[in-house]
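Q: Before I ask anything, here is the structure I am working with.
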2 protein chains.
Amino acid sequence: MAESRKDQLIETAFRLFQADGYRSTGINRILDEAGVAKQTLYNHFRTKDELILAALERWDRDSRQWLVDAMEARSDDPRERLLALFDVLDEWFASAGFRGCLFVNAAAEFGDPEDPIHQAAADHKQEFREYLLAQARRLEVDDPEALTEHIALLMEGAIVTAQVGGATGVAGRARAAAETLISAAGSAV
Amino acid sequence: MAESRKDQLIETAFRLFQADGYRSTGINRILDEAGVAKQTLYNHFRTKDELILAALERWDRDSRQWLVDAMEARSDDPRERLLALFDVLDEWFASAGFRGCLFVNAAAEFGDPEDPIHQAAADHKQEFREYLLAQARRLEVDDPEALTEHIALLMEGAIVTAQVGGATGVAGRARAAAETLISAAGSAV
DNA sequence: GAACCCCTAGACAGGTCTGTCTGTTCCGGC
DNA sequence: GCCGGAACAGACAGACCTGTCTAGGGGTTC
């Protein structure tokens, strides 16, 4: 088994945090489900918060990689690639156990903007936005920064709406709005 | 003092839930800050969850009333009134103690869609969407339902973005996107 | 003045939480 | 065969949690 105890802990923690939230998921439950002894956890992480941060960092890398790969697999055309974002979101919303964005939920539970967990959430959002901006720059539009922001707002709105009210068709409606915004932005140059 | 003990509890609970979240805010702290005895709380509410629901219901009424009043005070014109939504959001984001939407945060902490608290959040979102739809119908657009959804997505996205990453200018950028979408929708009829 | 009702104050039960500590077992490298 | 590091198992401390219970205080209304 190539998977270290540390990895097992991070993956189990990630799964339980997504299902039940951060504060309501106890250390002991993570240990039980991971099949790991308590002392092992505290050898790898000083506190529960460090485990939360490790789970977020892991998912920051994995989820951005997954999103980027899926978008790039769908099209080379920059417009289609941006729109493919919403197709990928649609799959995510429909997948079993979808409970919204782990980072948004973390920011909700750790509301203090100075909290490292809250900041990890902010960093994640910023980094994905930079990828979107690189795609928007490939379009011939007047203001790629503005278009990036608009698409990001639709994405966040779609994630929250799917989480709170159910997933049915939200991503498709966000995609339609994005199409309109891209077309309107493309009328320049 | 016209304010009943029950109202004091609801208001204190609301304030602390917004600042620190639901699970991390203990009953005893609410009682201390409200200056109310424990037995009084349990005379009015059977459980903590009932208090959470009462705080959400109170804020459901108050916040929608506040938003609607502010939008209607700004303009009679349906287009301007819809866009005023984002000006009101901007004020909210800049206000002291802004920590995102209480309903989104509730849905994050109580992730089970069957949970009454989660459902209260979903109901709130739905009811405000109906008000937006009534405004959109006053515009002469082809598909007011679609426009409503698009504006709602921008609104949710702006709230989450302001919560996670900071408020600076988010509402204004969402407003710009909404202007484009309304104009594009208005080309019909 | 007495019955009534809402409230206060705080002890208490029973459970859960994080994090520490002790002692044992397993396994790879020498 | 033996040594050292890592993991296991689980008791434990100390704090906090929700919700119950008891005992009494202070108005209001008959």
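Chain labels run A, B, ... following the order of the structure tokens; each chain numbers its residues from 1, and ligands are numbered from 1 in the order shown.
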What lies within 9 Å of region 10-22 of chain B using only C-alpha atoms (C1' of nucleotides), ignoring chain neighbours under 2 positions off, as a PyMOL selection string?

A: (chain A and resi 108-112) or (chain B and resi 5-8+24-27+29-31+33-34+51-52+54-56+58-59+97-102+105-106+109)

Q: Pull N, CA and C atoms from the residues just selected and write them as a compact mmCIF listing (two decimals), in the first residue's frame.

A:
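As a result, again07.txt now contains:
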# COMPACT_ATOMS: atom_id res chain seq x y z
N ALA A 108 -17.61 29.62 6.06
CA ALA A 108 -18.83 29.84 6.85
C ALA A 108 -18.60 29.44 8.30
N GLU A 109 -17.93 28.31 8.52
CA GLU A 109 -17.73 27.85 9.90
C GLU A 109 -16.61 28.60 10.60
N PHE A 110 -15.61 29.03 9.83
CA PHE A 110 -14.49 29.79 10.41
C PHE A 110 -14.57 31.19 9.83
N GLY A 111 -15.48 31.97 10.38
CA GLY A 111 -15.87 33.23 9.77
C GLY A 111 -14.84 34.33 9.90
N ASP A 112 -13.96 34.24 10.87
CA ASP A 112 -12.96 35.28 11.07
C ASP A 112 -12.00 35.32 9.89
N ARG B 5 -38.84 38.62 26.51
CA ARG B 5 -37.67 37.77 26.70
C ARG B 5 -37.40 36.92 25.47
N LYS B 6 -38.46 36.44 24.86
CA LYS B 6 -38.30 35.63 23.66
C LYS B 6 -37.61 36.41 22.55
N ASP B 7 -38.02 37.67 22.38
CA ASP B 7 -37.37 38.49 21.36
C ASP B 7 -35.90 38.72 21.68
N GLN B 8 -35.62 38.96 22.96
CA GLN B 8 -34.23 39.18 23.33
C GLN B 8 -33.38 37.96 22.97
N SER B 24 -20.76 26.40 17.03
CA SER B 24 -19.75 26.86 17.97
C SER B 24 -20.31 27.91 18.94
N THR B 25 -21.54 28.28 18.77
CA THR B 25 -22.17 29.21 19.72
C THR B 25 -22.98 28.39 20.71
N GLY B 26 -22.57 28.40 21.97
CA GLY B 26 -23.26 27.61 22.99
C GLY B 26 -24.46 28.34 23.57
N ILE B 27 -25.40 27.53 24.04
CA ILE B 27 -26.58 28.05 24.71
C ILE B 27 -26.20 29.00 25.86
N ARG B 29 -23.66 30.84 26.37
CA ARG B 29 -23.19 32.16 25.95
C ARG B 29 -24.36 33.04 25.52
N ILE B 30 -25.30 32.46 24.80
CA ILE B 30 -26.48 33.23 24.40
C ILE B 30 -27.21 33.73 25.64
N LEU B 31 -27.36 32.85 26.64
CA LEU B 31 -28.07 33.24 27.86
C LEU B 31 -27.33 34.37 28.58
N GLU B 33 -25.25 36.61 27.36
CA GLU B 33 -25.28 37.90 26.66
C GLU B 33 -26.69 38.48 26.59
N ALA B 34 -27.68 37.61 26.60
CA ALA B 34 -29.05 38.12 26.58
C ALA B 34 -29.52 38.49 27.99
N LEU B 51 -34.51 27.23 18.51
CA LEU B 51 -34.05 28.62 18.60
C LEU B 51 -33.37 29.05 17.30
N ILE B 52 -32.57 28.16 16.73
CA ILE B 52 -31.94 28.47 15.45
C ILE B 52 -33.01 28.75 14.40
N ALA B 54 -36.04 29.76 14.88
CA ALA B 54 -36.72 31.02 15.16
C ALA B 54 -35.88 32.20 14.71
N ALA B 55 -34.56 32.12 14.92
CA ALA B 55 -33.69 33.21 14.49
C ALA B 55 -33.69 33.32 12.96
N LEU B 56 -33.68 32.18 12.30
CA LEU B 56 -33.71 32.21 10.83
C LEU B 56 -35.03 32.77 10.32
N ARG B 58 -37.08 34.82 11.85
CA ARG B 58 -37.09 36.25 12.09
C ARG B 58 -36.28 36.98 11.02
N TRP B 59 -35.11 36.45 10.74
CA TRP B 59 -34.27 37.15 9.79
C TRP B 59 -34.77 36.99 8.37
N GLY B 97 -19.44 43.65 10.79
CA GLY B 97 -19.90 42.32 11.19
C GLY B 97 -20.47 41.49 10.06
N PHE B 98 -20.32 41.95 8.82
CA PHE B 98 -20.80 41.13 7.70
C PHE B 98 -20.03 39.82 7.66
N ARG B 99 -20.76 38.73 7.68
CA ARG B 99 -20.14 37.40 7.64
C ARG B 99 -20.86 36.49 6.68
N GLY B 100 -21.34 37.06 5.59
CA GLY B 100 -22.04 36.23 4.62
C GLY B 100 -23.50 36.05 4.97
N CYS B 101 -24.15 35.24 4.16
CA CYS B 101 -25.58 35.04 4.32
C CYS B 101 -25.84 33.98 5.39
N LEU B 102 -26.68 34.34 6.35
CA LEU B 102 -26.99 33.44 7.45
C LEU B 102 -27.59 32.13 6.95
N ASN B 105 -24.82 29.96 5.32
CA ASN B 105 -24.01 29.40 6.40
C ASN B 105 -24.76 28.28 7.11
N ALA B 106 -26.06 28.45 7.28
CA ALA B 106 -26.85 27.40 7.92
C ALA B 106 -26.86 26.14 7.05
N GLU B 109 -23.58 24.34 7.54
CA GLU B 109 -23.39 23.61 8.80
C GLU B 109 -24.39 22.47 8.95

Q: Could you list, as a list in words, every residue of chain D that has an atom within 9 Å of an atom of chain B, counting only C-alpha atoms (C1' of nucleotides)?

A: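 Close enough to count are DC16, DC17, DT18 and DG19 of chain D.
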
Q: Run DSSP on the backbone and give me the residues of region 27-65 of chain A it puts in helix (DSSP H, G or I), as a ChimeraX atom specification.

A: /A:27-34,38-44,48-65

Q: Write out as a PyMOL selection string every residue belonging to chain C that has an atom at most 10 Å from any atom of chain B, counting only C-alpha atoms (C1' of nucleotides).

A: chain C and resi 6-10

Q: Residues of chain B near chain A: apply a cut-off of 7 Å, count only C-alpha atoms, and supply the list as a ChimeraX atom specification.

A: /B:20-21,99,104-105,107-109,111,121-122,150,153-154,156-158,160,164-165,174,177,180-181

Q: Based on the selection just made, write C-alpha atoms of those residues as a PDB file, in the first residue's frame.

A:
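Done, and the output landed in out_13.pdb:
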ATOM      1  CA  ASP B  20     -19.397  32.639  15.269  1.00  0.00           C
ATOM      2  CA  GLY B  21     -21.607  30.102  13.550  1.00  0.00           C
ATOM      3  CA  ARG B  99     -20.137  37.401   7.643  1.00  0.00           C
ATOM      4  CA  VAL B 104     -26.030  29.859   3.248  1.00  0.00           C
ATOM      5  CA  ASN B 105     -24.008  29.396   6.396  1.00  0.00           C
ATOM      6  CA  ALA B 107     -27.018  25.173   4.858  1.00  0.00           C
ATOM      7  CA  ALA B 108     -23.263  24.667   5.155  1.00  0.00           C
ATOM      8  CA  GLU B 109     -23.391  23.607   8.801  1.00  0.00           C
ATOM      9  CA  GLY B 111     -25.808  19.947   5.164  1.00  0.00           C
ATOM     10  CA  ALA B 121     -32.589  28.271   4.116  1.00  0.00           C
ATOM     11  CA  ALA B 122     -33.927  26.871   0.864  1.00  0.00           C
ATOM     12  CA  HIS B 150     -29.342  34.879 -13.777  1.00  0.00           C
ATOM     13  CA  LEU B 153     -26.956  33.658  -9.422  1.00  0.00           C
ATOM     14  CA  LEU B 154     -25.007  36.893  -9.588  1.00  0.00           C
ATOM     15  CA  GLU B 156     -25.461  34.614  -4.531  1.00  0.00           C
ATOM     16  CA  GLY B 157     -22.061  34.709  -6.150  1.00  0.00           C
ATOM     17  CA  ALA B 158     -21.462  38.232  -4.936  1.00  0.00           C
ATOM     18  CA  VAL B 160     -20.184  34.348  -1.235  1.00  0.00           C
ATOM     19  CA  VAL B 164     -14.755  34.535   1.495  1.00  0.00           C
ATOM     20  CA  GLY B 165     -12.452  36.989  -0.191  1.00  0.00           C
ATOM     21  CA  ALA B 174     -22.024  41.938 -10.235  1.00  0.00           C
ATOM     22  CA  ALA B 177     -22.885  41.864 -15.310  1.00  0.00           C
ATOM     23  CA  THR B 180     -25.406  43.388 -19.612  1.00  0.00           C
ATOM     24  CA  LEU B 181     -27.816  40.528 -19.008  1.00  0.00           C
TER      25      LEU B 181
END

Q: If we count only C-alpha atoms (C1' of nucleotides) and set the cut-off at 12 Å, which residues sit around DT29 (chain D), ignoring sequence neighbours fewer than 6 positions away in its own chain? Please answer as a PyMOL selection string.

A: chain C and resi 1-5

Q: For CA of Asp32 (chain B) and C1' of DT20 (chain D), determine how far apart the two atoms are, in Å to one decimal place.

A: 18.7 Å

Q: Considering only C-alpha atoms (C1' of nucleotides), return as an MDAnalysis selection string whatever protein or nucleic-acid residues lie within 7 Å of region 77-82 of chain A, sequence-local ones (same chain, fewer than 4 positions apart) excluded.

A: chainID A and resid 71:72 135 138:139

Q: Deliver the residues from the most recent selection as a file, using C-alpha atoms, as a PDB file, in the first residue's frame.

A:
ATOM      1  CA  MET A  71     -12.275  21.798 -19.126  1.00  0.00           C
ATOM      2  CA  GLU A  72      -9.248  21.298 -21.334  1.00  0.00           C
ATOM      3  CA  GLN A 135      -8.555  31.504 -20.499  1.00  0.00           C
ATOM      4  CA  ARG A 138      -7.313  34.055 -25.074  1.00  0.00           C
ATOM      5  CA  LEU A 139     -10.677  35.474 -26.091  1.00  0.00           C
TER       6      LEU A 139
END

Q: Each residue of chain D lying at most 9 Å from region 18-27 of chain C should get a row with its shortest atom-to-atom pair and the distance in Å to one decimal, counting only C-alpha atoms (C1' of nucleotides); could you produce that, ordered by chain and increasing number, as JSON lines?

A:
{"residue": "D:DA6", "atom": "C1'", "partner": "C:DC26", "partner_atom": "C1'", "distance": 9.0}
{"residue": "D:DA7", "atom": "C1'", "partner": "C:DC26", "partner_atom": "C1'", "distance": 8.1}
{"residue": "D:DC8", "atom": "C1'", "partner": "C:DT25", "partner_atom": "C1'", "distance": 7.3}
{"residue": "D:DA9", "atom": "C1'", "partner": "C:DT24", "partner_atom": "C1'", "distance": 8.5}
{"residue": "D:DA11", "atom": "C1'", "partner": "C:DT22", "partner_atom": "C1'", "distance": 8.7}
{"residue": "D:DC12", "atom": "C1'", "partner": "C:DC21", "partner_atom": "C1'", "distance": 7.9}
{"residue": "D:DA13", "atom": "C1'", "partner": "C:DT20", "partner_atom": "C1'", "distance": 8.2}
